[in-house]
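Asker: I have a structure here, written as structure tokens, and I will follow up with some questions on it.
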Amino acid sequence: MNRFSLTGRQLAYEIVIILRNFYIPFFGMIFPLLLTVFISNSLKDEVPSEVFLQVRTQVMLTMIPMIGLSSFFLGEMAIFAFEVEKKIAQRLEVFGFTRGGMFATKYLAFLIFTLCSTAVFLVGTKVLSGYESPTILGFIEVNLLLFFMAGVMFVIAHSLALVFKSFNIAYGVGMVIYFSIMFLSGMLGLRTEDMPGWLKTISEFVPYSYGDIYYNIWIGKSVELFQYTQAVVLFTAIAAILYIIASKRKWF
């Protein structure tokens, strides 16, 4: 079978699987948009008009990481853990789907979905609530940071699915990590600056909690990236360690 044909069929298969799991399009595309618009518009009477657009921009940049978390992380955790438990991945190998190819194609499928979701989110929030227009460089840099972290979370999800080899356990652990990151990043309503001291300290190790950095980059201001870089390096190291552990385990 032609390699390019096989790759194309793999990619189509993975995209169909993503779309058939309704919670991924909902939590990875629709829910972030609705939540951002609701929160932004609800602040209209509480925020001075001169800073309202800035606040809406900050809300948008706080919520946008939810797209990558819901798709790259929670989506991959659910889909791949199910495939490993039910030995679907094993059967795919028989038909020429390599393990490395599965990993790469799953990543590409989620990348395509997340790019589309991000476009819908940015257009939808601009029309329905509004935000400050970014500089060209700021727009590129923010999206590169978000997609890099989404890739790191993808590796973590893929690795945990292989470590646990059980859908229920892997998905349960994934949900705990998912909501913990959302809470510590301020996506669930409690801003990081309003958290108790010890909780705020923990949030500093979560890259998604640096909404102020995303905002400053977005509008073209200079930023200090030391703490943010430390958090990214920590998560990247965790992903690398988990991947090494998972790669040494048998898939089936």
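Chain lettering (A, B, ...) mirrors the order of the structure tokens, residue numbering begins at 1 for each chain separately, and ligand numbering begins at 1 in order of display.
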What residues in range 27-216 of chain A get the DSSP label alpha helix (DSSP H)? Please answer as a VMD selection string.
Answerer: chain A and resid 31 to 42 49 to 63 65 to 68 76 to 85 88 to 94 99 to 128 136 to 164 167 to 184 197 to 203 211 to 216
Asker: Please identify all polymer residues within 7 Å of Val206 in chain A, counting only C-alpha atoms, omitting same-chain residues fewer than 3 positions from it, and present them as a list in words.
Answerer: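 Once the adjacent positions are removed, what remains is Ile181, Ser203, Ser209 and Ala231 of chain A.
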Asker: Write a file of the selected residues as a PDB file, in the first residue's frame, keeping C-alpha atoms.
Answerer:
```
ATOM      1  CA  ILE A 181      -5.079  23.162  35.615  1.00  0.00           C
ATOM      2  CA  SER A 203      -0.361  28.134  40.270  1.00  0.00           C
ATOM      3  CA  SER A 209      -1.791  30.765  34.758  1.00  0.00           C
ATOM      4  CA  ALA A 231       6.781  26.468  34.380  1.00  0.00           C
TER       5      ALA A 231
END
```
Asker: Which one is closest to Val55 in chain A: A:Thr7, A:Ala170, A:Leu19, A:Tyr131? Count only C-alpha atoms.
Answerer: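 When distances to Val55 in chain A are compared using only C-alpha atoms, the smallest one comes from A:Tyr131.
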Asker: For Ile177 in chain A, which residue among A:Ala119, A:Ile156, A:Val223, A:Leu111 is the nearest when counting only C-alpha atoms?
Answerer: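 Of A:Ala119, A:Ile156, A:Val223, A:Leu111, the one nearest Ile177 in chain A is A:Ile156, counting only C-alpha atoms.
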Asker: For range 184-196 of chain A, list every protein, DNA or RNA residue within 9 Å, evaluated using only C-alpha atoms, and leave out those in the same chain fewer than 4 positions away; present the list as a list of chain:residue names.
Answerer: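 The neighbour list is A:Ile39, A:Val59, A:Thr62, A:Met63, A:Pro65, A:Met66, A:Phe179, A:Ser180, A:Lys200, A:Thr201, A:Ile202, A:Ser203, A:Glu204, A:Val206, A:Pro207, A:Tyr208, A:Ser209, A:Tyr210, A:Gly211.
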Asker: Would you kindly return, as JSON, numbers by chain, each protein, DNA or RNA residue with an atom no farther than 9 Å from any atom of range 67-79 of chain A, considering only C-alpha atoms and excluding same-chain residues fewer than 3 positions away?
Answerer: {"A": [17, 18, 21, 23, 24, 25, 27, 28, 29, 31, 32, 63, 64, 82, 83, 84, 106, 107, 110, 111, 113, 114, 117, 118, 121, 146, 147, 149, 150, 151, 152, 153, 154, 155, 156, 157, 158, 159, 160, 161, 167, 168, 170, 171, 174, 175, 178, 181, 182]}
Asker: Could you dump the residues just selected with N, CA and C atoms as a compact mmCIF listing (two decimals), in the first residue's frame?
Answerer:
```
# COMPACT_ATOMS: atom_id res chain seq x y z
N ILE A 17 -12.74 10.19 14.27
CA ILE A 17 -12.85 9.77 15.68
C ILE A 17 -13.02 10.99 16.58
N ILE A 18 -12.26 12.05 16.32
CA ILE A 18 -12.37 13.28 17.12
C ILE A 18 -13.78 13.86 17.01
N ASN A 21 -16.68 11.91 18.81
CA ASN A 21 -16.75 12.08 20.26
C ASN A 21 -17.24 13.50 20.54
N TYR A 23 -18.13 15.32 22.87
CA TYR A 23 -17.64 16.18 23.94
C TYR A 23 -16.37 16.92 23.54
N ILE A 24 -15.61 16.38 22.56
CA ILE A 24 -14.40 17.08 22.13
C ILE A 24 -14.76 18.34 21.34
N PRO A 25 -15.63 18.26 20.30
CA PRO A 25 -16.06 19.51 19.65
C PRO A 25 -16.77 20.47 20.60
N PHE A 27 -16.44 20.77 24.17
CA PHE A 27 -15.54 21.37 25.14
C PHE A 27 -14.31 22.00 24.48
N GLY A 28 -13.99 21.57 23.25
CA GLY A 28 -12.83 22.12 22.58
C GLY A 28 -13.13 23.26 21.64
N MET A 29 -14.42 23.50 21.35
CA MET A 29 -14.78 24.56 20.43
C MET A 29 -15.92 25.43 20.94
N PHE A 31 -17.86 25.32 23.98
CA PHE A 31 -17.90 25.75 25.38
C PHE A 31 -16.96 26.91 25.68
N PRO A 32 -15.69 26.88 25.24
CA PRO A 32 -14.80 28.03 25.52
C PRO A 32 -15.35 29.34 24.96
N MET A 63 -9.09 32.24 28.72
CA MET A 63 -9.95 31.11 28.33
C MET A 63 -9.45 30.34 27.12
N ILE A 64 -8.69 30.98 26.25
CA ILE A 64 -8.30 30.32 25.00
C ILE A 64 -7.48 29.04 25.20
N PHE A 82 -8.92 4.43 25.42
CA PHE A 82 -9.94 3.47 24.97
C PHE A 82 -9.37 2.51 23.93
N GLU A 83 -8.58 3.04 22.99
CA GLU A 83 -8.00 2.21 21.94
C GLU A 83 -7.01 1.19 22.51
N VAL A 84 -6.23 1.62 23.50
CA VAL A 84 -5.27 0.70 24.11
C VAL A 84 -5.99 -0.38 24.90
N LYS A 106 -2.21 11.17 15.14
CA LYS A 106 -3.12 11.67 16.17
C LYS A 106 -2.81 13.14 16.49
N TYR A 107 -1.52 13.43 16.61
CA TYR A 107 -1.11 14.81 16.89
C TYR A 107 -1.57 15.73 15.76
N PHE A 110 -5.38 16.33 15.86
CA PHE A 110 -5.75 17.28 16.91
C PHE A 110 -5.27 18.69 16.58
N LEU A 111 -4.13 18.79 15.90
CA LEU A 111 -3.63 20.11 15.49
C LEU A 111 -4.60 20.76 14.52
N PHE A 113 -7.82 20.09 14.15
CA PHE A 113 -9.05 20.42 14.88
C PHE A 113 -8.86 21.67 15.74
N THR A 114 -7.73 21.76 16.44
CA THR A 114 -7.49 22.88 17.34
C THR A 114 -7.29 24.18 16.58
N SER A 117 -10.75 25.21 15.72
CA SER A 117 -11.43 25.67 16.93
C SER A 117 -10.95 27.04 17.36
N THR A 118 -9.63 27.26 17.26
CA THR A 118 -9.06 28.56 17.64
C THR A 118 -9.57 29.66 16.72
N PHE A 121 -13.08 30.41 17.69
CA PHE A 121 -13.08 31.10 18.98
C PHE A 121 -12.72 32.58 18.80
N LEU A 146 0.85 28.79 22.98
CA LEU A 146 -0.30 27.95 23.31
C LEU A 146 -0.22 26.60 22.62
N PHE A 147 0.20 26.58 21.37
CA PHE A 147 0.27 25.31 20.64
C PHE A 147 1.45 24.46 21.12
N MET A 149 2.46 24.37 24.28
CA MET A 149 1.97 23.76 25.52
C MET A 149 0.92 22.70 25.24
N ALA A 150 0.10 22.90 24.22
CA ALA A 150 -0.89 21.89 23.84
C ALA A 150 -0.18 20.60 23.42
N GLY A 151 0.94 20.74 22.70
CA GLY A 151 1.73 19.57 22.31
C GLY A 151 2.32 18.86 23.50
N VAL A 152 2.78 19.63 24.49
CA VAL A 152 3.32 19.03 25.72
C VAL A 152 2.22 18.24 26.43
N MET A 153 1.02 18.83 26.53
CA MET A 153 -0.09 18.15 27.19
C MET A 153 -0.52 16.91 26.40
N PHE A 154 -0.37 16.94 25.07
CA PHE A 154 -0.68 15.78 24.25
C PHE A 154 0.25 14.62 24.59
N VAL A 155 1.54 14.91 24.75
CA VAL A 155 2.50 13.87 25.10
C VAL A 155 2.18 13.29 26.47
N ILE A 156 1.81 14.15 27.41
CA ILE A 156 1.44 13.68 28.75
C ILE A 156 0.23 12.75 28.67
N ALA A 157 -0.79 13.15 27.93
CA ALA A 157 -2.00 12.34 27.79
C ALA A 157 -1.71 11.00 27.13
N HIS A 158 -0.95 11.02 26.03
CA HIS A 158 -0.60 9.81 25.31
C HIS A 158 0.17 8.84 26.21
N SER A 159 1.09 9.39 26.98
CA SER A 159 1.93 8.57 27.86
C SER A 159 1.13 7.97 29.01
N LEU A 160 0.26 8.77 29.62
CA LEU A 160 -0.55 8.27 30.73
C LEU A 160 -1.50 7.17 30.28
N ALA A 161 -2.02 7.30 29.06
CA ALA A 161 -2.90 6.25 28.53
C ALA A 161 -2.15 4.93 28.41
N PHE A 167 -9.15 2.70 30.34
CA PHE A 167 -9.87 3.93 30.02
C PHE A 167 -10.36 4.63 31.28
N ASN A 168 -10.98 3.89 32.19
CA ASN A 168 -11.56 4.50 33.38
C ASN A 168 -10.50 5.18 34.25
N ALA A 170 -7.30 6.08 33.35
CA ALA A 170 -6.63 7.15 32.61
C ALA A 170 -7.52 8.38 32.48
N TYR A 171 -8.79 8.17 32.14
CA TYR A 171 -9.70 9.30 31.97
C TYR A 171 -9.99 9.99 33.30
N GLY A 174 -7.01 11.99 34.03
CA GLY A 174 -7.01 13.11 33.09
C GLY A 174 -7.98 14.21 33.52
N MET A 175 -9.15 13.83 34.00
CA MET A 175 -10.13 14.81 34.45
C MET A 175 -9.63 15.60 35.65
N TYR A 178 -7.04 17.97 34.33
CA TYR A 178 -7.72 18.97 33.50
C TYR A 178 -8.35 20.07 34.35
N ILE A 181 -5.75 22.14 36.42
CA ILE A 181 -5.08 23.16 35.62
C ILE A 181 -6.02 24.33 35.34
N MET A 182 -7.28 24.04 35.01
CA MET A 182 -8.24 25.10 34.75
C MET A 182 -8.44 25.97 35.99
```
Asker: Distance CA of Leu108 in chain A-CA of Leu11 in chain A, one decimal place?
Answerer: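 The value is 7.5 Å.
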Asker: Write out as a list in words which residues come within 10 Å of Val37 in chain A when counting only C-alpha atoms, dropping same-chain ones fewer than 5 positions away.
Answerer: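 Here the qualifying residues turn out to be Phe31, Pro32, Ser42, Arg56, Val59, Met60, Phe121, Gly124, Thr125, Lys126, Val127, Leu128, Ser129 and Gly130 of chain A.
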Asker: Dump all heavy atoms for the selected residues as a JSON list (two decimals), in the first residue's frame?
Answerer:
```json
[["chain", "number", "residue", "atom", "x", "y", "z"],
["A", 31, "PHE", "N", -17.86, 25.32, 23.98],
["A", 31, "PHE", "CA", -17.90, 25.75, 25.38],
["A", 31, "PHE", "C", -16.96, 26.91, 25.68],
["A", 31, "PHE", "O", -17.37, 27.88, 26.34],
["A", 31, "PHE", "CB", -17.61, 24.56, 26.29],
["A", 31, "PHE", "CG", -17.71, 24.88, 27.76],
["A", 31, "PHE", "CD1", -18.93, 25.19, 28.33],
["A", 31, "PHE", "CD2", -16.58, 24.89, 28.56],
["A", 31, "PHE", "CE1", -19.04, 25.48, 29.68],
["A", 31, "PHE", "CE2", -16.67, 25.19, 29.92],
["A", 31, "PHE", "CZ", -17.91, 25.50, 30.47],
["A", 32, "PRO", "N", -15.69, 26.88, 25.24],
["A", 32, "PRO", "CA", -14.80, 28.03, 25.52],
["A", 32, "PRO", "C", -15.35, 29.34, 24.96],
["A", 32, "PRO", "O", -15.23, 30.39, 25.59],
["A", 32, "PRO", "CB", -13.49, 27.63, 24.84],
["A", 32, "PRO", "CG", -13.53, 26.15, 24.77],
["A", 32, "PRO", "CD", -14.96, 25.80, 24.55],
["A", 42, "SER", "N", -20.85, 39.80, 31.00],
["A", 42, "SER", "CA", -21.38, 39.97, 32.36],
["A", 42, "SER", "C", -20.60, 41.02, 33.16],
["A", 42, "SER", "O", -21.08, 41.50, 34.19],
["A", 42, "SER", "CB", -21.35, 38.63, 33.11],
["A", 42, "SER", "OG", -20.01, 38.22, 33.36],
["A", 56, "ARG", "N", -11.81, 42.46, 28.72],
["A", 56, "ARG", "CA", -12.35, 41.42, 27.84],
["A", 56, "ARG", "C", -11.23, 40.69, 27.10],
["A", 56, "ARG", "O", -11.31, 39.48, 26.87],
["A", 56, "ARG", "CB", -13.33, 42.03, 26.84],
["A", 56, "ARG", "CG", -14.69, 42.33, 27.45],
["A", 56, "ARG", "CD", -15.72, 42.71, 26.42],
["A", 56, "ARG", "NE", -15.46, 44.02, 25.84],
["A", 56, "ARG", "CZ", -16.33, 44.65, 25.04],
["A", 56, "ARG", "NH1", -17.48, 44.10, 24.72],
["A", 56, "ARG", "NH2", -16.03, 45.85, 24.56],
["A", 59, "VAL", "N", -9.74, 38.30, 29.61],
["A", 59, "VAL", "CA", -10.63, 37.15, 29.79],
["A", 59, "VAL", "C", -10.48, 36.18, 28.63],
["A", 59, "VAL", "O", -10.36, 34.96, 28.80],
["A", 59, "VAL", "CB", -12.10, 37.60, 29.91],
["A", 59, "VAL", "CG1", -13.04, 36.40, 29.85],
["A", 59, "VAL", "CG2", -12.32, 38.37, 31.21],
["A", 60, "MET", "N", -10.45, 36.72, 27.42],
["A", 60, "MET", "CA", -10.30, 35.88, 26.23],
["A", 60, "MET", "C", -9.00, 35.09, 26.26],
["A", 60, "MET", "O", -8.97, 33.88, 25.98],
["A", 60, "MET", "CB", -10.36, 36.76, 24.98],
["A", 60, "MET", "CG", -10.26, 36.00, 23.65],
["A", 60, "MET", "SD", -8.55, 35.74, 23.10],
["A", 60, "MET", "CE", -8.06, 37.40, 22.65],
["A", 121, "PHE", "N", -13.08, 30.41, 17.69],
["A", 121, "PHE", "CA", -13.08, 31.10, 18.98],
["A", 121, "PHE", "C", -12.72, 32.58, 18.80],
["A", 121, "PHE", "O", -13.40, 33.46, 19.34],
["A", 121, "PHE", "CB", -12.08, 30.42, 19.92],
["A", 121, "PHE", "CG", -11.92, 31.09, 21.25],
["A", 121, "PHE", "CD1", -12.77, 30.79, 22.30],
["A", 121, "PHE", "CD2", -10.92, 32.03, 21.46],
["A", 121, "PHE", "CE1", -12.63, 31.41, 23.53],
["A", 121, "PHE", "CE2", -10.77, 32.66, 22.69],
["A", 121, "PHE", "CZ", -11.63, 32.35, 23.73],
["A", 124, "GLY", "N", -15.48, 34.36, 16.81],
["A", 124, "GLY", "CA", -16.71, 34.43, 17.60],
["A", 124, "GLY", "C", -16.62, 35.43, 18.74],
["A", 124, "GLY", "O", -17.54, 36.23, 18.95],
["A", 125, "THR", "N", -15.52, 35.41, 19.49],
["A", 125, "THR", "CA", -15.38, 36.34, 20.61],
["A", 125, "THR", "C", -15.21, 37.78, 20.12],
["A", 125, "THR", "O", -15.67, 38.72, 20.78],
["A", 125, "THR", "CB", -14.17, 35.96, 21.50],
["A", 125, "THR", "OG1", -13.01, 35.76, 20.68],
["A", 125, "THR", "CG2", -14.45, 34.69, 22.28],
["A", 126, "LYS", "N", -14.58, 37.95, 18.97],
["A", 126, "LYS", "CA", -14.43, 39.30, 18.40],
["A", 126, "LYS", "C", -15.80, 39.89, 18.05],
["A", 126, "LYS", "O", -16.08, 41.06, 18.33],
["A", 126, "LYS", "CB", -13.54, 39.25, 17.16],
["A", 126, "LYS", "CG", -13.21, 40.61, 16.56],
["A", 126, "LYS", "CD", -12.29, 41.41, 17.47],
["A", 126, "LYS", "CE", -11.79, 42.68, 16.80],
["A", 126, "LYS", "NZ", -10.92, 43.48, 17.68],
["A", 127, "VAL", "N", -16.64, 39.06, 17.45],
["A", 127, "VAL", "CA", -17.96, 39.53, 17.01],
["A", 127, "VAL", "C", -18.92, 39.69, 18.18],
["A", 127, "VAL", "O", -19.66, 40.69, 18.26],
["A", 127, "VAL", "CB", -18.55, 38.55, 15.98],
["A", 127, "VAL", "CG1", -19.99, 38.91, 15.64],
["A", 127, "VAL", "CG2", -17.70, 38.54, 14.71],
["A", 128, "LEU", "N", -18.91, 38.72, 19.11],
["A", 128, "LEU", "CA", -19.92, 38.69, 20.17],
["A", 128, "LEU", "C", -19.56, 39.47, 21.43],
["A", 128, "LEU", "O", -20.45, 39.85, 22.19],
["A", 128, "LEU", "CB", -20.21, 37.23, 20.54],
["A", 128, "LEU", "CG", -20.78, 36.37, 19.41],
["A", 128, "LEU", "CD1", -20.90, 34.92, 19.85],
["A", 128, "LEU", "CD2", -22.13, 36.90, 18.95],
["A", 129, "SER", "N", -18.28, 39.71, 21.66],
["A", 129, "SER", "CA", -17.92, 40.48, 22.86],
["A", 129, "SER", "C", -16.83, 41.51, 22.57],
["A", 129, "SER", "O", -16.85, 42.60, 23.11],
["A", 129, "SER", "CB", -17.45, 39.54, 23.98],
["A", 129, "SER", "OG", -16.31, 38.81, 23.60],
["A", 130, "GLY", "N", -15.86, 41.17, 21.73],
["A", 130, "GLY", "CA", -14.81, 42.11, 21.36],
["A", 130, "GLY", "C", -13.57, 41.97, 22.22],
["A", 130, "GLY", "O", -13.62, 41.51, 23.36]]
```
